[in-house]
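Reading through the structure tokens given below for one structure.
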Amino acid sequence: AAAERSRHEFVPFNEEFRFLAKDGRVVWVLELATVVDRGDTGDPRFFQGVIIDITDRKRAEEKASVAEERFRQLAERGLVVFYLYELEHGDQPIIHMHYVSPSAADLLSMPIERSEGDLGGWMEHMHPDDVPRMRAIAEEVLTTGRAWDHTFRMIAGDGRIVCLLDRGRAIEWDERGRPKLFQGVFLDVT
């Protein structure tokens, strides 16, 4: 169908497909072709093109897809809560929460939403005795980008006290050398 469309609509042929090699292997190819000469009637007479073996690329894409699915399952159903947030510097810094593992909602018996703003919403559910220490740590981390490794307590939606080990670090800085993107993990150590 693609070849017919190329021939009748005068569009370049650009398709990926498989060949079955003599030895039984499946070989993926990318074929690119275009009309280089038309006859007196305007119909294509000659095509010029190339066929490229893309088998290795296809295998790599498949492996990447499998790895991505495994990581997604680990991140969403595992015992560890992954999170990723970005800091927007300004007079009032804004935190953009890009990702929190869905397992956080089960761990804390409350909905966890990607939010924007400061740490106030998160601190509201923190054990009051841990808030001053954690606020100071957060301010230092947001300023310096240093790695962190500490424990704190959260009050879950059902009233339980959950002790979390929190580890993370800045993974990207802005053009002025300020920490910008952070990743971390929580682990229930109750």
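Chain lettering (A, B, ...) mirrors the order of the structure tokens, residue numbering begins at 1 for each chain separately, and ligand numbering begins at 1 in order of display.
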Which residues are close to Asp53 in chain A, i.e. within 10 Å by only C-alpha atoms, leaving aside same-chain residues fewer than 5 positions away? Reply as a short mmCIF file (atom, residue, chain, number, x, y, z; two decimals) with C-alpha atoms, in the first residue's frame.
```
data_model
loop_
_atom_site.label_atom_id
_atom_site.label_comp_id
_atom_site.auth_asym_id
_atom_site.auth_seq_id
_atom_site.Cartn_x
_atom_site.Cartn_y
_atom_site.Cartn_z
CA GLU A 16 10.12 0.09 8.14
CA ARG A 18 10.73 -7.09 8.08
CA PHE A 19 12.44 -9.55 5.80
CA VAL A 27 15.71 -8.71 9.63
CA TRP A 28 14.19 -5.27 10.13
CA VAL A 29 14.89 -2.71 7.40
CA LEU A 30 14.19 0.91 6.70
CA GLU A 31 13.58 1.59 3.02
CA LYS A 58 14.68 -2.46 16.73
#
```
- Query: Quick one: residues within 8 Å of range 130-144 of chain A, only C-alpha atoms counted, chain neighbours fewer than 6 positions away excluded, as a PyMOL selection string?
  - Reply: chain A and resi 87+123+152-153+178-179
- Note on the structure: The distance between CA of Gln73 in chain A and CA of Asp149 in chain A is 24.6 Å
- Item | Spatial neighbours of His125 in chain A, 12 Å, only C-alpha atoms, chain gap at least 5 places, as a list of chain:residue names | A:Leu108, A:Ser109, A:Met110, A:Pro111, A:Ile112, A:Leu119, A:Gly120, A:Asp130, A:Val131, A:Phe152, A:Arg153, A:Met154, A:Ile155, A:Ala156, A:Gly157, A:Asp158, A:Gly159, A:Arg160, A:Ile161, A:Val162
Just the selected residues (N, CA and C atoms), exported as a PDB file, in the first residue's frame, please.
```
ATOM      1  N   LEU A 108       0.635   6.187  52.749  1.00  0.00           N
ATOM      2  CA  LEU A 108       0.178   7.239  53.662  1.00  0.00           C
ATOM      3  C   LEU A 108      -1.342   7.323  53.783  1.00  0.00           C
ATOM      4  N   SER A 109      -2.046   6.397  53.165  1.00  0.00           N
ATOM      5  CA  SER A 109      -3.519   6.358  53.236  1.00  0.00           C
ATOM      6  C   SER A 109      -4.143   7.709  52.922  1.00  0.00           C
ATOM      7  N   MET A 110      -3.625   8.346  51.872  1.00  0.00           N
ATOM      8  CA  MET A 110      -4.181   9.630  51.443  1.00  0.00           C
ATOM      9  C   MET A 110      -3.813   9.850  49.983  1.00  0.00           C
ATOM     10  N   PRO A 111      -4.605  10.631  49.284  1.00  0.00           N
ATOM     11  CA  PRO A 111      -4.248  10.910  47.890  1.00  0.00           C
ATOM     12  C   PRO A 111      -2.993  11.771  47.835  1.00  0.00           C
ATOM     13  N   ILE A 112      -2.101  11.423  46.943  1.00  0.00           N
ATOM     14  CA  ILE A 112      -0.884  12.201  46.729  1.00  0.00           C
ATOM     15  C   ILE A 112      -0.996  12.787  45.336  1.00  0.00           C
ATOM     16  N   LEU A 119       6.689  23.797  50.259  1.00  0.00           N
ATOM     17  CA  LEU A 119       6.603  22.519  50.974  1.00  0.00           C
ATOM     18  C   LEU A 119       5.482  22.501  52.007  1.00  0.00           C
ATOM     19  N   GLY A 120       4.700  23.587  52.096  1.00  0.00           N
ATOM     20  CA  GLY A 120       3.657  23.688  53.115  1.00  0.00           C
ATOM     21  C   GLY A 120       2.670  22.540  53.095  1.00  0.00           C
ATOM     22  N   ASP A 130       8.719  17.050  63.952  1.00  0.00           N
ATOM     23  CA  ASP A 130       9.748  16.939  62.914  1.00  0.00           C
ATOM     24  C   ASP A 130       9.770  18.135  61.959  1.00  0.00           C
ATOM     25  N   VAL A 131       8.731  18.962  61.989  1.00  0.00           N
ATOM     26  CA  VAL A 131       8.606  20.051  61.017  1.00  0.00           C
ATOM     27  C   VAL A 131       9.773  21.038  61.062  1.00  0.00           C
ATOM     28  N   PHE A 152      12.043  10.975  59.016  1.00  0.00           N
ATOM     29  CA  PHE A 152      11.030  11.841  59.615  1.00  0.00           C
ATOM     30  C   PHE A 152       9.725  11.066  59.696  1.00  0.00           C
ATOM     31  N   ARG A 153       8.774  11.627  60.404  1.00  0.00           N
ATOM     32  CA  ARG A 153       7.487  10.960  60.593  1.00  0.00           C
ATOM     33  C   ARG A 153       6.381  11.731  59.892  1.00  0.00           C
ATOM     34  N   MET A 154       5.469  10.966  59.320  1.00  0.00           N
ATOM     35  CA  MET A 154       4.277  11.534  58.695  1.00  0.00           C
ATOM     36  C   MET A 154       3.059  10.988  59.429  1.00  0.00           C
ATOM     37  N   ILE A 155       2.009  11.766  59.431  1.00  0.00           N
ATOM     38  CA  ILE A 155       0.735  11.303  59.994  1.00  0.00           C
ATOM     39  C   ILE A 155      -0.124  10.893  58.801  1.00  0.00           C
ATOM     40  N   ALA A 156      -0.351   9.599  58.690  1.00  0.00           N
ATOM     41  CA  ALA A 156      -1.103   9.051  57.562  1.00  0.00           C
ATOM     42  C   ALA A 156      -2.571   9.472  57.648  1.00  0.00           C
ATOM     43  N   GLY A 157      -3.267   9.329  56.538  1.00  0.00           N
ATOM     44  CA  GLY A 157      -4.674   9.688  56.471  1.00  0.00           C
ATOM     45  C   GLY A 157      -5.541   8.937  57.470  1.00  0.00           C
ATOM     46  N   ASP A 158      -5.112   7.731  57.849  1.00  0.00           N
ATOM     47  CA  ASP A 158      -5.879   6.950  58.826  1.00  0.00           C
ATOM     48  C   ASP A 158      -5.386   7.155  60.258  1.00  0.00           C
ATOM     49  N   GLY A 159      -4.495   8.147  60.473  1.00  0.00           N
ATOM     50  CA  GLY A 159      -4.029   8.480  61.814  1.00  0.00           C
ATOM     51  C   GLY A 159      -2.740   7.785  62.243  1.00  0.00           C
ATOM     52  N   ARG A 160      -2.279   6.795  61.491  1.00  0.00           N
ATOM     53  CA  ARG A 160      -1.031   6.102  61.843  1.00  0.00           C
ATOM     54  C   ARG A 160       0.150   7.054  61.721  1.00  0.00           C
ATOM     55  N   ILE A 161       1.167   6.790  62.525  1.00  0.00           N
ATOM     56  CA  ILE A 161       2.443   7.484  62.386  1.00  0.00           C
ATOM     57  C   ILE A 161       3.330   6.602  61.517  1.00  0.00           C
ATOM     58  N   VAL A 162       3.827   7.154  60.411  1.00  0.00           N
ATOM     59  CA  VAL A 162       4.675   6.417  59.486  1.00  0.00           C
ATOM     60  C   VAL A 162       6.055   7.073  59.500  1.00  0.00           C
TER      61      VAL A 162
END
```
- Task: Show which residues sit within 9 Å of Leu165 in chain A, as a list of chain:residue names. Count only C-alpha atoms, and ignore same-chain residues fewer than 6 positions away.
- Result: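 Contacts, with the query itself left out: A:Asp149, A:His150, A:Thr151, A:Phe152, A:Arg153, A:Val185, A:Phe186, A:Leu187, A:Asp188, A:Val189.
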- Task: Apply DSSP to the structure's backbone, then extract all residues of chain A labelled strand (DSSP E or B) and return them as a ChimeraX atom specification.
- Result: /A:13-20,26-38,44-53,80-88,94-100,116-117,126,148-155,161-173,179-188
- Item | Contact residues around Phe82 in chain A with only C-alpha atoms at 12 Å, ignoring same-chain residues under 4 positions, as a list in words |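 Neighbouring residues, sequence-local ones excluded: Phe71, Arg72, Gln73, Leu74, Ala75, Glu76, Arg77, Gly78, Met97, His98, Tyr99, Val100, Ser101, Pro102, Ser103, Ala104, Leu165, Asp166, Arg167, Gly168, Phe182, Gln183, Gly184, Val185, Phe186 and Leu187 of chain A.
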- Any idea what the distance is between CA of Ile94 in chain A and CA of Ala147 in chain A? 19.6 Å
- Query: Separation of CA of Glu175 in chain A and CA of Trp148 in chain A, in Å?
  - Reply: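 Interatomic distance, CA of Glu175 in chain A to CA of Trp148 in chain A: 22.7 Å.
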- Which one is closest to Arg25 in chain A: A:Thr55, A:Gly49, A:Glu69, A:Glu124? Count only C-alpha atoms. A:Thr55
